[in-house]
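J.: Next comes the structure file final.cif, holding mmCIF, C-alpha atoms.
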```cif
data_work
loop_
_atom_site.label_atom_id
_atom_site.label_comp_id
_atom_site.auth_asym_id
_atom_site.auth_seq_id
_atom_site.Cartn_x
_atom_site.Cartn_y
_atom_site.Cartn_z
CA MET B 1 35.69 22.94 -11.04
CA LEU B 2 34.85 19.69 -12.81
CA ILE B 3 34.62 17.93 -9.47
CA VAL B 4 32.31 20.65 -8.12
CA MET B 5 30.10 20.45 -11.22
CA GLY B 6 30.08 16.67 -10.99
CA GLU B 7 28.96 16.78 -7.38
CA ARG B 8 26.25 19.33 -8.17
CA THR B 9 24.94 17.12 -10.98
CA VAL B 10 24.92 14.12 -8.65
CA ARG B 11 23.02 16.09 -6.02
CA LEU B 12 20.45 17.42 -8.49
CA THR B 13 19.95 13.99 -10.05
CA GLY B 14 19.65 12.38 -6.63
CA LEU B 15 17.06 14.94 -5.52
CA ALA B 16 15.03 14.47 -8.70
CA LEU B 17 15.17 10.67 -8.38
CA ALA B 18 14.16 10.82 -4.71
CA MET B 19 11.17 13.03 -5.55
CA ILE B 20 10.06 10.76 -8.39
CA TYR B 21 10.47 7.65 -6.24
CA ALA B 22 8.60 9.22 -3.30
CA SER B 23 5.76 10.29 -5.63
CA PHE B 24 5.59 6.74 -7.02
CA ILE B 25 5.34 5.31 -3.48
CA VAL B 26 2.57 7.75 -2.53
CA TRP B 27 0.77 6.84 -5.79
CA LEU B 28 1.02 3.12 -4.93
CA TYR B 29 -0.42 3.65 -1.46
CA VAL B 30 -3.26 5.85 -2.76
CA ARG B 31 -4.25 3.82 -5.83
CA GLN B 32 -3.56 0.36 -4.36
CA PRO B 33 -2.75 -1.54 -7.58
CA GLN B 34 -2.97 -5.28 -6.99
CA THR B 35 -1.09 -6.65 -9.97
CA PHE B 36 1.91 -5.58 -12.03
CA ALA B 37 -0.43 -4.88 -14.99
CA GLU B 38 -2.37 -2.45 -12.80
CA VAL B 39 0.88 -0.71 -11.80
CA THR B 40 2.04 -0.20 -15.39
CA GLY B 41 -1.49 0.60 -16.61
CA GLY B 42 -1.99 3.12 -13.82
CA LEU B 43 1.31 4.83 -14.58
CA THR B 44 0.57 5.07 -18.29
CA ALA B 45 -2.96 6.31 -17.53
CA SER B 46 -1.55 9.04 -15.27
CA VAL B 47 0.36 10.45 -18.26
CA GLY B 48 -2.57 9.91 -20.64
CA ALA B 49 -0.88 7.10 -22.58
CA TYR B 50 -3.08 4.18 -21.54
CA ARG B 51 -4.90 2.35 -24.34
CA ILE B 52 -7.26 -0.60 -24.04
CA ASP B 53 -7.05 -3.63 -26.31
CA GLN B 54 -9.66 -2.52 -28.86
CA GLN B 55 -10.05 -5.97 -30.43
CA ALA B 56 -10.83 -7.54 -27.05
CA PHE B 57 -13.24 -4.72 -26.28
CA ASP B 58 -15.10 -5.25 -29.58
CA ASP B 59 -15.26 -8.99 -28.86
CA GLY B 60 -16.66 -8.21 -25.40
CA LEU B 61 -19.27 -5.87 -26.84
CA ALA B 62 -20.39 -8.49 -29.36
CA LEU B 63 -20.71 -11.10 -26.63
CA PHE B 64 -22.52 -8.62 -24.38
CA ARG B 65 -25.09 -7.99 -27.11
CA ARG B 66 -25.63 -11.75 -27.50
CA ASP B 67 -26.36 -11.95 -23.74
CA GLU B 68 -23.21 -14.01 -23.10
CA PHE B 69 -22.31 -11.96 -20.09
CA GLU B 70 -19.67 -14.13 -18.46
CA ALA B 71 -17.72 -14.39 -21.71
CA ALA B 72 -18.24 -10.67 -22.28
CA ARG B 73 -16.77 -9.87 -18.88
CA ALA B 74 -13.73 -12.03 -19.63
CA ALA B 75 -13.17 -10.16 -22.90
CA PHE B 76 -13.69 -6.75 -21.26
CA ASN B 77 -11.27 -7.66 -18.48
CA ARG B 78 -8.72 -8.66 -21.12
CA ALA B 79 -9.31 -5.39 -22.96
CA ASP B 80 -8.72 -3.33 -19.82
CA SER B 81 -6.29 -5.54 -17.92
CA ALA B 82 -5.07 -2.63 -15.78
CA GLY B 83 -8.63 -1.57 -14.88
CA GLN B 84 -8.03 2.02 -15.97
CA ASP B 85 -10.72 2.61 -18.60
CA ALA B 86 -14.01 4.00 -17.30
CA ARG B 87 -16.09 2.92 -20.33
CA THR B 88 -14.90 -0.71 -20.17
CA GLN B 89 -15.51 -0.83 -16.42
CA PHE B 90 -19.03 0.50 -17.09
CA TYR B 91 -19.71 -2.35 -19.50
CA ILE B 92 -18.36 -4.90 -17.01
CA ALA B 93 -20.69 -3.46 -14.36
CA TYR B 94 -23.57 -3.57 -16.84
CA ALA B 95 -22.77 -7.22 -17.61
CA TYR B 96 -22.92 -8.00 -13.89
CA TYR B 97 -26.27 -6.21 -13.68
CA ARG B 98 -27.77 -8.20 -16.54
CA SER B 99 -26.34 -11.49 -15.21
CA GLY B 100 -27.79 -10.86 -11.77
CA TRP B 101 -31.16 -9.53 -12.85
CA GLY B 102 -34.18 -11.80 -12.41
CA ARG B 103 -37.92 -11.36 -12.52
CA LEU B 104 -38.43 -12.85 -9.08
CA TYR B 105 -35.11 -12.17 -7.40
CA GLN B 106 -31.72 -10.50 -7.92
CA ASP B 107 -28.40 -12.24 -7.55
CA ASN B 108 -26.85 -10.08 -4.86
CA GLU B 109 -23.35 -11.40 -5.50
CA HIS B 110 -23.45 -10.21 -9.11
CA PHE B 111 -25.01 -6.91 -8.10
CA LYS B 112 -22.31 -6.38 -5.48
CA LEU B 113 -19.55 -7.00 -8.03
CA GLY B 114 -21.36 -4.72 -10.47
CA LEU B 115 -21.53 -1.99 -7.86
CA GLU B 116 -17.77 -2.26 -7.27
CA ARG B 117 -17.09 -1.92 -11.00
CA VAL B 118 -19.46 0.98 -11.55
CA ASP B 119 -17.91 2.79 -8.58
CA LYS B 120 -14.52 2.22 -10.20
CA ALA B 121 -15.86 3.54 -13.52
CA ILE B 122 -17.17 6.67 -11.78
CA ALA B 123 -13.84 7.18 -10.01
CA LEU B 124 -11.95 6.86 -13.32
CA ALA B 125 -14.25 9.09 -15.40
CA PRO B 126 -13.20 12.70 -15.93
CA GLY B 127 -15.09 14.76 -13.36
CA HIS B 128 -16.68 11.49 -12.13
CA ARG B 129 -19.28 11.87 -14.88
CA LEU B 130 -19.68 9.01 -17.35
CA ILE B 131 -22.15 8.87 -20.24
CA VAL B 132 -22.11 5.95 -22.68
CA ASP B 133 -23.92 6.61 -25.95
CA ASP B 134 -24.94 3.06 -26.79
CA PRO B 135 -28.46 2.73 -28.23
CA GLU B 136 -28.56 -0.94 -27.14
CA LEU B 137 -28.45 0.10 -23.49
CA GLN B 138 -31.33 1.51 -21.48
CA MET B 139 -29.14 3.11 -18.88
CA HIS B 140 -26.61 5.48 -20.38
CA THR B 141 -24.99 7.01 -17.32
CA ALA B 142 -22.93 5.39 -14.60
CA ASP B 143 -25.14 7.11 -12.01
CA GLN B 144 -28.27 5.40 -13.39
CA LEU B 145 -26.55 2.02 -13.39
CA ARG B 146 -25.25 2.56 -9.88
CA ALA B 147 -28.71 3.50 -8.60
CA GLU B 148 -30.22 0.40 -10.24
CA LEU B 149 -27.59 -1.90 -8.72
CA ALA B 150 -27.86 -0.31 -5.27
CA GLU B 151 -31.67 -0.46 -5.39
CA GLY B 152 -31.51 -4.13 -6.39
CA MET B 153 -29.46 -4.98 -3.32
CA ARG B 154 -31.88 -3.36 -0.88
CA VAL B 155 -34.79 -5.37 0.54
CA GLU B 156 -37.90 -3.21 0.42
CA ALA B 157 -41.66 -3.71 0.69
CA SER B 158 -41.97 -3.14 -3.07
CA ASP B 159 -39.87 -6.29 -3.62
CA PHE B 160 -42.93 -8.33 -2.64
CA ASN B 161 -45.23 -6.66 -5.15
CA PRO B 162 -46.38 -9.38 -7.60
CA MET B 163 -46.45 -6.79 -10.39
CA ARG B 164 -42.65 -6.89 -10.30
CA MET B 165 -42.88 -10.02 -12.44
CA PHE B 166 -43.86 -7.83 -15.39
CA ARG B 167 -41.00 -5.36 -15.13
CA LYS B 168 -38.32 -5.34 -17.81
CA ARG B 169 -34.61 -5.70 -17.62
CA LYS B 170 -32.79 -2.49 -18.46
CA MET P 1 30.01 11.79 3.62
CA LYS P 2 30.14 11.45 -0.14
CA ALA P 3 27.61 13.40 -2.17
CA VAL P 4 26.40 10.27 -3.93
CA THR P 5 25.68 8.56 -0.59
CA GLU P 6 23.72 11.53 0.69
CA ALA P 7 21.90 12.33 -2.54
CA VAL P 8 21.25 8.89 -4.00
CA TYR P 9 21.99 5.85 -1.83
CA LEU P 10 20.44 6.91 1.48
CA PRO P 11 17.15 8.32 0.09
CA ALA P 12 16.82 5.31 -2.25
CA LEU P 13 17.45 2.88 0.59
CA PHE P 14 15.07 4.49 3.07
CA LEU P 15 12.36 5.08 0.47
CA THR P 16 12.58 1.39 -0.47
CA VAL P 17 12.10 0.53 3.21
CA ALA P 18 9.11 2.93 3.30
CA LEU P 19 7.68 1.18 0.24
CA LEU P 20 8.20 -2.38 1.46
CA GLY P 21 7.24 -1.69 5.07
CA GLY P 22 3.56 -1.42 4.20
CA LEU P 23 3.51 -4.05 1.47
CA ARG P 24 1.40 -7.09 2.35
CA VAL P 25 1.72 -10.10 0.07
CA ASP P 26 -1.29 -12.34 -0.29
CA ASP P 27 -3.07 -13.66 -3.36
CA ARG P 28 -2.96 -9.96 -4.27
CA LEU P 29 -0.72 -7.07 -3.23
CA THR P 30 -1.89 -4.54 -0.66
CA PHE P 31 -0.15 -1.38 0.47
CA VAL P 32 -1.07 -0.69 4.09
CA PRO P 33 -0.50 2.87 5.30
CA PRO P 34 1.04 3.15 8.78
CA PRO P 35 -1.35 3.29 11.74
CA LEU P 36 -1.21 6.48 13.78
CA PHE P 37 0.75 4.81 16.56
CA ALA P 38 3.48 3.85 14.08
CA LEU P 39 3.94 7.59 13.45
CA VAL P 40 4.41 8.12 17.20
CA LEU P 41 6.94 5.27 17.35
CA GLY P 42 8.65 6.65 14.23
CA ILE P 43 9.09 10.05 15.88
CA MET P 44 10.47 8.37 19.01
CA LEU P 45 12.90 6.30 16.97
CA PHE P 46 14.00 9.43 15.14
CA GLY P 47 14.64 11.04 18.52
CA VAL P 48 16.67 8.00 19.62
CA LEU P 49 18.77 8.20 16.45
CA VAL P 50 19.55 11.88 17.01
CA ARG P 51 20.25 11.55 20.75
CA GLY P 52 22.34 8.45 20.16
CA HIS P 53 24.50 10.27 17.55
CA VAL P 54 23.47 7.83 14.81
CA LEU P 55 22.04 10.73 12.84
CA ALA P 56 23.51 14.22 13.01
CA PRO P 57 20.94 16.57 11.44
CA GLU P 58 23.46 19.44 11.54
CA ARG P 59 25.67 17.51 9.11
CA LEU P 60 22.76 17.31 6.69
CA MET P 61 21.22 20.76 7.03
CA ARG P 62 22.92 23.97 8.18
CA ALA P 63 23.27 27.56 7.03
CA SER P 64 26.80 27.14 5.69
CA ARG P 65 25.76 24.45 3.18
CA LEU P 66 24.56 25.15 -0.35
CA PRO P 67 20.76 25.06 -0.90
CA ILE P 68 21.00 21.88 -3.00
CA GLU P 69 23.05 20.22 -0.24
CA ASN P 70 20.43 21.22 2.32
CA LEU P 71 17.69 19.83 0.07
CA ASN P 72 19.56 16.52 -0.19
CA GLY P 73 19.95 16.53 3.59
CA PHE P 74 16.24 17.22 4.03
CA ALA P 75 15.44 14.29 1.72
CA VAL P 76 17.60 12.01 3.90
CA ILE P 77 15.96 13.23 7.13
CA LEU P 78 12.44 12.87 5.72
CA SER P 79 13.07 9.44 4.18
CA THR P 80 14.67 8.23 7.44
CA PHE P 81 11.54 9.25 9.35
CA PHE P 82 9.20 7.54 6.87
CA ALA P 83 11.34 4.39 6.89
CA ALA P 84 11.31 4.36 10.72
CA THR P 85 7.53 4.68 10.69
CA GLN P 86 7.09 1.93 8.12
CA ILE P 87 9.42 -0.41 10.02
CA PHE P 88 6.97 -0.31 12.93
CA ASN P 89 4.09 -0.79 10.49
CA LEU P 90 5.94 -3.89 9.27
CA VAL P 91 6.82 -5.57 12.57
CA THR P 92 3.57 -4.79 14.41
CA PRO P 93 0.75 -7.36 14.11
CA GLU P 94 -2.29 -6.28 12.16
CA ALA P 95 -4.97 -6.37 14.85
CA GLY P 96 -6.20 -7.59 18.18
CA LEU P 97 -4.35 -8.09 21.45
CA PRO P 98 -0.91 -8.60 19.81
CA PHE P 99 -1.27 -5.20 18.09
CA LEU P 100 -1.78 -3.54 21.47
CA LEU P 101 0.92 -5.54 23.26
CA PHE P 102 3.53 -4.97 20.54
CA ASN P 103 2.89 -1.24 20.51
CA VAL P 104 3.22 -1.00 24.30
CA PHE P 105 6.38 -3.17 24.17
CA LEU P 106 7.97 -1.01 21.46
CA PHE P 107 6.90 2.24 23.13
CA VAL P 108 8.48 1.25 26.46
CA LEU P 109 11.66 0.01 24.77
CA LEU P 110 12.09 3.24 22.81
CA LEU P 111 11.31 5.35 25.88
CA ASN P 112 13.93 3.42 27.80
CA THR P 113 16.49 3.88 25.01
CA LEU P 114 15.70 7.62 24.86
CA ALA P 115 16.16 7.98 28.60
CA ALA P 116 19.43 6.05 28.63
CA SER P 117 21.18 8.38 26.10
CA PRO P 118 23.37 5.60 24.70
CA ASP P 119 26.22 6.01 22.22
CA ARG P 120 26.03 5.31 18.48
CA VAL P 121 27.07 1.65 18.58
CA SER P 122 24.68 0.88 21.44
CA VAL P 123 21.79 2.53 19.59
CA LEU P 124 22.52 0.52 16.44
CA ARG P 125 22.70 -2.70 18.48
CA SER P 126 19.52 -1.73 20.32
CA MET P 127 17.70 -1.11 17.00
CA ALA P 128 18.80 -4.51 15.72
CA VAL P 129 17.53 -6.17 18.92
CA ILE P 130 14.22 -4.28 19.03
CA THR P 131 13.32 -4.82 15.37
CA GLY P 132 14.75 -8.35 15.33
CA ALA P 133 12.76 -9.39 18.41
CA ALA P 134 9.56 -7.90 16.98
CA PHE P 135 10.25 -9.70 13.68
CA ILE P 136 10.68 -13.06 15.43
CA LEU P 137 7.52 -12.58 17.48
CA LYS P 138 5.37 -11.53 14.54
CA PHE P 139 6.67 -13.61 11.66
CA ILE P 140 7.78 -16.75 13.48
CA VAL P 141 5.83 -17.10 16.75
CA LEU P 142 2.52 -15.45 15.80
CA GLY P 143 2.93 -16.68 12.21
CA ALA P 144 3.18 -20.28 13.46
CA LEU P 145 0.17 -19.85 15.75
CA SER P 146 -1.92 -18.34 12.97
CA SER P 147 -0.94 -20.81 10.25
CA PRO P 148 -3.71 -23.22 9.27
CA GLY P 149 -1.47 -26.33 9.49
CA GLU P 150 -0.28 -28.29 12.56
CA GLY P 151 3.49 -27.75 12.52
CA ALA P 152 5.85 -28.80 15.33
CA LEU P 153 6.39 -25.19 16.44
CA LYS P 154 2.65 -24.63 16.57
CA ARG P 155 2.19 -27.70 18.79
CA VAL P 156 4.94 -26.51 21.15
CA LEU P 157 3.45 -23.03 21.31
CA LEU P 158 -0.03 -24.40 21.90
CA ALA P 159 1.32 -26.46 24.81
CA LEU P 160 3.07 -23.39 26.26
CA LEU P 161 0.01 -21.22 25.83
CA GLU P 162 -2.38 -23.70 27.38
CA GLY P 163 -5.34 -21.83 28.83
CA VAL P 164 -4.92 -18.76 26.65
CA THR P 165 -7.76 -18.09 24.25
CA LEU P 166 -6.04 -18.26 20.89
CA GLY P 167 -8.71 -16.15 19.25
CA THR P 168 -7.12 -13.13 20.91
CA LEU P 169 -3.65 -13.98 19.57
CA THR P 170 -4.10 -15.33 16.08
CA GLN P 171 -3.62 -13.11 13.05
CA PRO P 172 -4.54 -13.50 9.40
CA PRO P 173 -2.27 -16.26 7.97
CA LEU P 174 0.96 -14.92 6.46
CA HIS P 175 2.04 -15.61 2.89
CA PRO P 176 5.24 -17.73 2.75
CA ALA P 177 7.08 -14.81 1.10
CA ALA P 178 6.02 -12.28 3.75
CA GLY P 179 8.70 -13.23 6.28
CA TYR P 180 11.52 -13.14 3.72
CA LEU P 181 10.38 -9.77 2.43
CA ALA P 182 10.16 -8.40 5.97
CA PHE P 183 13.62 -9.72 6.79
CA ALA P 184 15.13 -8.08 3.70
CA THR P 185 13.38 -4.81 4.59
CA LEU P 186 14.76 -4.90 8.15
CA VAL P 187 18.30 -5.56 6.88
CA LEU P 188 17.99 -2.64 4.43
CA PHE P 189 16.82 -0.40 7.25
CA LEU P 190 19.68 -1.36 9.57
CA VAL P 191 22.23 -0.92 6.76
CA GLY P 192 20.75 2.52 6.09
CA LEU P 193 21.00 3.47 9.77
CA ALA P 194 24.67 2.44 9.83
CA MET P 195 25.31 4.62 6.74
CA LEU P 196 23.75 7.78 8.22
CA PRO P 197 26.12 10.70 8.91
CA ALA P 198 26.99 10.42 12.59
CA ARG P 199 27.92 13.17 14.99
CA GLY P 200 31.68 13.16 15.59
CA ARG P 201 33.06 12.83 19.10
CA SER P 202 34.29 16.07 20.64
CA VAL P 203 38.02 15.88 21.31
CA ALA P 204 39.74 17.80 24.07
CA LEU P 205 43.33 18.78 23.31
CA ILE P 206 45.40 18.72 26.48
CA LYS P 207 49.02 19.65 26.42
CA SER P 208 51.20 16.99 28.09
CA GLY P 209 52.57 18.00 31.43
CA GLU P 210 49.71 20.28 32.35
#
```
How would this structure read if it were set down as structure tokens?
T.:
Amino acid sequence: MLIVMGERTVRLTGLALAMIYASFIVWLYVRQPQTFAEVTGGLTASVGAYRIDQQAFDDGLALFRRDEFEAARAAFNRADSAGQDARTQFYIAYAYYRSGWGRLYQDNEHFKLGLERVDKAIALAPGHRLIVDDPELQMHTADQLRAELAEGMRVEASDFNPMRMFRKRK
Amino acid sequence: MKAVTEAVYLPALFLTVALLGGLRVDDRLTFVPPPLFALVLGIMLFGVLVRGHVLAPERLMRASRLPIENLNGFAVILSTFFAATQIFNLVTPEAGLPFLLFNVFLFVLLLNTLAASPDRVSVLRSMAVITGAAFILKFIVLGALSSPGEGALKRVLLALLEGVTLGTLTQPPLHPAAGYLAFATLVLFLVGLAMLPARGRSVALIKSGE
């Protein structure tokens, strides 16, 4: 009887482990984490236990408000090392937007990176809807930021309008 | 077969092969899902394993077994198929003419093995030869041709392939760890195949003197 029970336990445990392992493999192939931090961060995020480094985020926000965008991005990346927090990814995208913005031209490389981050933020946000209530910002939704970045990367007739020199950075 | 082998070791082994088969190591990790043709080759390999008595599905799933035993058996069958698929994802080049040639080469080899109806030992040997040859071609020959340096092997291969446009053969350069990882994955796969529950030989009892 003990042997039968032991075998049943082994079989049940084995089945459960196989299912968990298979789910983990499917998750890896779907989410494509690129570093170990992203693997652990993604797993903790999937059970709602992921937390960003709040101190690093606050540092990033302070730098962002002083227009030190490269340093701000470094701090935001440190705060969300697994790339699992929609709000932090939004700020990183916003920092790329402000770095790349110019009166006469846009830096397409920065805009492209910004677009990647804002797409990630949208993918991470619940219901793909992200609103950031920050009075310092002029674009509060990820959709607005995405549209601005995408528009900046397109070459259109309006790009040659001299009045563009008087537009303001958002 | 012991319960622990069927419930734990075999699924763990084949799932690890399925995980590593699509893993590409570069400056970052990428998990590449199998191309559609790898699924076709995986099905064919599964057929070869069954016909060659390497895998006996009836020993893993049948009406007389308990439901939990059948579920364990199903996990083994499914993980074996995914591992077989991912092995072809691993040993097939990523793109271009080699991708096409390798797939044709593997398809014909598996078709030939299916038609021959070999026994268990022959199938296991055949699997080792097929996957080993593909490994050597991809990770050693094509790897040397695609590497940015000017190694001795590359010079020999360039001399042998004189007149061939290398643009059609070269692949993205491989990370130094890629070959070792692929080798370990192949060994795991072959060990797993050898551990699968095989179909027993039928024995005829003949009374002496008759």
J.: Mind checking which residues fall within 10 Å of Ala150 of chain B, counting all atoms listed in the file, ignoring those fewer than 2 positions away in the same chain, and posting them as a PDB file with C-alpha atoms, keeping the file's coordinate frame?
T.:
```
ATOM      1  CA  ASN B 108     -26.850 -10.080  -4.860  1.00  0.00           C
ATOM      2  CA  PHE B 111     -25.010  -6.910  -8.100  1.00  0.00           C
ATOM      3  CA  LYS B 112     -22.310  -6.380  -5.480  1.00  0.00           C
ATOM      4  CA  GLY B 114     -21.360  -4.720 -10.470  1.00  0.00           C
ATOM      5  CA  LEU B 115     -21.530  -1.990  -7.860  1.00  0.00           C
ATOM      6  CA  GLN B 144     -28.270   5.400 -13.390  1.00  0.00           C
ATOM      7  CA  LEU B 145     -26.550   2.020 -13.390  1.00  0.00           C
ATOM      8  CA  ARG B 146     -25.250   2.560  -9.880  1.00  0.00           C
ATOM      9  CA  ALA B 147     -28.710   3.500  -8.600  1.00  0.00           C
ATOM     10  CA  GLU B 148     -30.220   0.400 -10.240  1.00  0.00           C
ATOM     11  CA  GLY B 152     -31.510  -4.130  -6.390  1.00  0.00           C
ATOM     12  CA  MET B 153     -29.460  -4.980  -3.320  1.00  0.00           C
ATOM     13  CA  ARG B 154     -31.880  -3.360  -0.880  1.00  0.00           C
TER      14      ARG B 154
END
```
J.: Applying 12 Å and only C-alpha atoms, which residues near Thr40 of chain B remain after dropping the ones on its own chain fewer than 4 positions away? List them as a list of chain:residue names.
T.: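 Using only C-alpha atoms, the neighbours found are B:Phe24, B:Trp27, B:Leu28, B:Pro33, B:Gln34, B:Thr35, B:Phe36, B:Thr44, B:Ala45, B:Ser46, B:Val47, B:Ala49, B:Tyr50, B:Arg51, B:Ser81, B:Ala82, B:Gly83, B:Gln84.
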J.: Only residues of chain B matter here; which ones have an atom within 12 Å of chain P, counting all atoms listed in the file? Give them as a PyMOL selection string.
T.: chain B and resi 3-39
J.: As AutoDock Vina command-line options, what would the box around segment 11-23 of chain P look like: edges along x, y and z, 4 Å added on every side, centre and edge lengths in Å to one decimal?
T.:
```
--center_x 10.5 --center_y 2.1 --center_z 1.4 --size_x 21.9 --size_y 20.4 --size_z 15.3
```
J.: Using the chain letters and numbers from the file, give me the residues hit by the PyMOL selection byres ((chain B and resi 85-94) around 8), as a JSON list (two decimals) with C-alpha atoms, in the coordinates of the input.
T.:
```
[["chain", "number", "residue", "atom", "x", "y", "z"],
["B", 52, "ILE", "CA", -7.26, -0.60, -24.04],
["B", 57, "PHE", "CA", -13.24, -4.72, -26.28],
["B", 72, "ALA", "CA", -18.24, -10.67, -22.28],
["B", 73, "ARG", "CA", -16.77, -9.87, -18.88],
["B", 76, "PHE", "CA", -13.69, -6.75, -21.26],
["B", 77, "ASN", "CA", -11.27, -7.66, -18.48],
["B", 79, "ALA", "CA", -9.31, -5.39, -22.96],
["B", 80, "ASP", "CA", -8.72, -3.33, -19.82],
["B", 83, "GLY", "CA", -8.63, -1.57, -14.88],
["B", 84, "GLN", "CA", -8.03, 2.02, -15.97],
["B", 95, "ALA", "CA", -22.77, -7.22, -17.61],
["B", 96, "TYR", "CA", -22.92, -8.00, -13.89],
["B", 97, "TYR", "CA", -26.27, -6.21, -13.68],
["B", 98, "ARG", "CA", -27.77, -8.20, -16.54],
["B", 113, "LEU", "CA", -19.55, -7.00, -8.03],
["B", 114, "GLY", "CA", -21.36, -4.72, -10.47],
["B", 115, "LEU", "CA", -21.53, -1.99, -7.86],
["B", 116, "GLU", "CA", -17.77, -2.26, -7.27],
["B", 117, "ARG", "CA", -17.09, -1.92, -11.00],
["B", 118, "VAL", "CA", -19.46, 0.98, -11.55],
["B", 120, "LYS", "CA", -14.52, 2.22, -10.20],
["B", 121, "ALA", "CA", -15.86, 3.54, -13.52],
["B", 122, "ILE", "CA", -17.17, 6.67, -11.78],
["B", 123, "ALA", "CA", -13.84, 7.18, -10.01],
["B", 124, "LEU", "CA", -11.95, 6.86, -13.32],
["B", 125, "ALA", "CA", -14.25, 9.09, -15.40],
["B", 130, "LEU", "CA", -19.68, 9.01, -17.35],
["B", 132, "VAL", "CA", -22.11, 5.95, -22.68],
["B", 142, "ALA", "CA", -22.93, 5.39, -14.60],
["B", 145, "LEU", "CA", -26.55, 2.02, -13.39]]
```
J.: Which is closest to Glu109 of chain B among B:Leu137, B:Gly48, B:Phe166, B:Leu149, if we use all atoms listed in the file?
T.: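 Ranking B:Leu137, B:Gly48, B:Phe166, B:Leu149 by distance to Glu109 of chain B, first place goes to B:Leu149.
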J.: Using all atoms listed in the file, which residues sit within 12 Å of Leu104 of chain B once same-chain residues fewer than 3 positions away are excluded, as an mmCIF file with C-alpha atoms, in the frame of the given file?
T.:
```cif
data_model
loop_
_atom_site.group_PDB
_atom_site.id
_atom_site.type_symbol
_atom_site.label_atom_id
_atom_site.label_comp_id
_atom_site.auth_asym_id
_atom_site.auth_seq_id
_atom_site.Cartn_x
_atom_site.Cartn_y
_atom_site.Cartn_z
ATOM 1 C CA GLY B 100 -27.790 -10.860 -11.770
ATOM 2 C CA TRP B 101 -31.160 -9.530 -12.850
ATOM 3 C CA ASP B 107 -28.400 -12.240 -7.550
ATOM 4 C CA GLY B 152 -31.510 -4.130 -6.390
ATOM 5 C CA SER B 158 -41.970 -3.140 -3.070
ATOM 6 C CA ASP B 159 -39.870 -6.290 -3.620
ATOM 7 C CA PHE B 160 -42.930 -8.330 -2.640
ATOM 8 C CA ASN B 161 -45.230 -6.660 -5.150
ATOM 9 C CA PRO B 162 -46.380 -9.380 -7.600
ATOM 10 C CA MET B 163 -46.450 -6.790 -10.390
ATOM 11 C CA ARG B 164 -42.650 -6.890 -10.300
ATOM 12 C CA MET B 165 -42.880 -10.020 -12.440
ATOM 13 C CA PHE B 166 -43.860 -7.830 -15.390
ATOM 14 C CA ARG B 167 -41.000 -5.360 -15.130
ATOM 15 C CA LYS B 168 -38.320 -5.340 -17.810
ATOM 16 C CA ARG B 169 -34.610 -5.700 -17.620
#
```
J.: With the file shown as input, list the residues that the PyMOL selection byres ((chain P and resi 118-123) around 7) selects, as a short mmCIF file (atom, residue, chain, number, x, y, z; two decimals) with C-alpha atoms, in the coordinates of the input.
T.:
```cif
data_model
loop_
_atom_site.label_atom_id
_atom_site.label_comp_id
_atom_site.auth_asym_id
_atom_site.auth_seq_id
_atom_site.Cartn_x
_atom_site.Cartn_y
_atom_site.Cartn_z
CA GLY P 52 22.34 8.45 20.16
CA HIS P 53 24.50 10.27 17.55
CA VAL P 54 23.47 7.83 14.81
CA ALA P 116 19.43 6.05 28.63
CA SER P 117 21.18 8.38 26.10
CA LEU P 124 22.52 0.52 16.44
CA ARG P 125 22.70 -2.70 18.48
CA SER P 126 19.52 -1.73 20.32
CA MET P 127 17.70 -1.11 17.00
#
```
J.: I'd like the interatomic distance between atom CA of Ala182 of chain P and atom CA of Val17 of chain P, to a tenth of an Å.
T.: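 Computed distance, atom CA of Ala182 of chain P to atom CA of Val17 of chain P, equals 9.5 Å.
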J.: Determine the nearest neighbour of Gly143 of chain P from the options P:Glu94, P:Ala115, P:Asn103, P:Ile130, counting only C-alpha atoms.
T.: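 Closest to Gly143 of chain P, using only C-alpha atoms: P:Glu94.
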J.: Could you please determine the separation between atom CA of Phe99 of chain P and atom CA of Leu45 of chain P in Å, to one decimal place?
T.: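 Value for the atom CA of Phe99 of chain P-atom CA of Leu45 of chain P distance: 18.3 Å.
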J.: When distances are computed from all atoms listed in the file, which of B:Asp134, B:Gln106, B:Phe64, B:Asp59 shows the smallest separation from Glu151 of chain B?
T.: B:Gln106
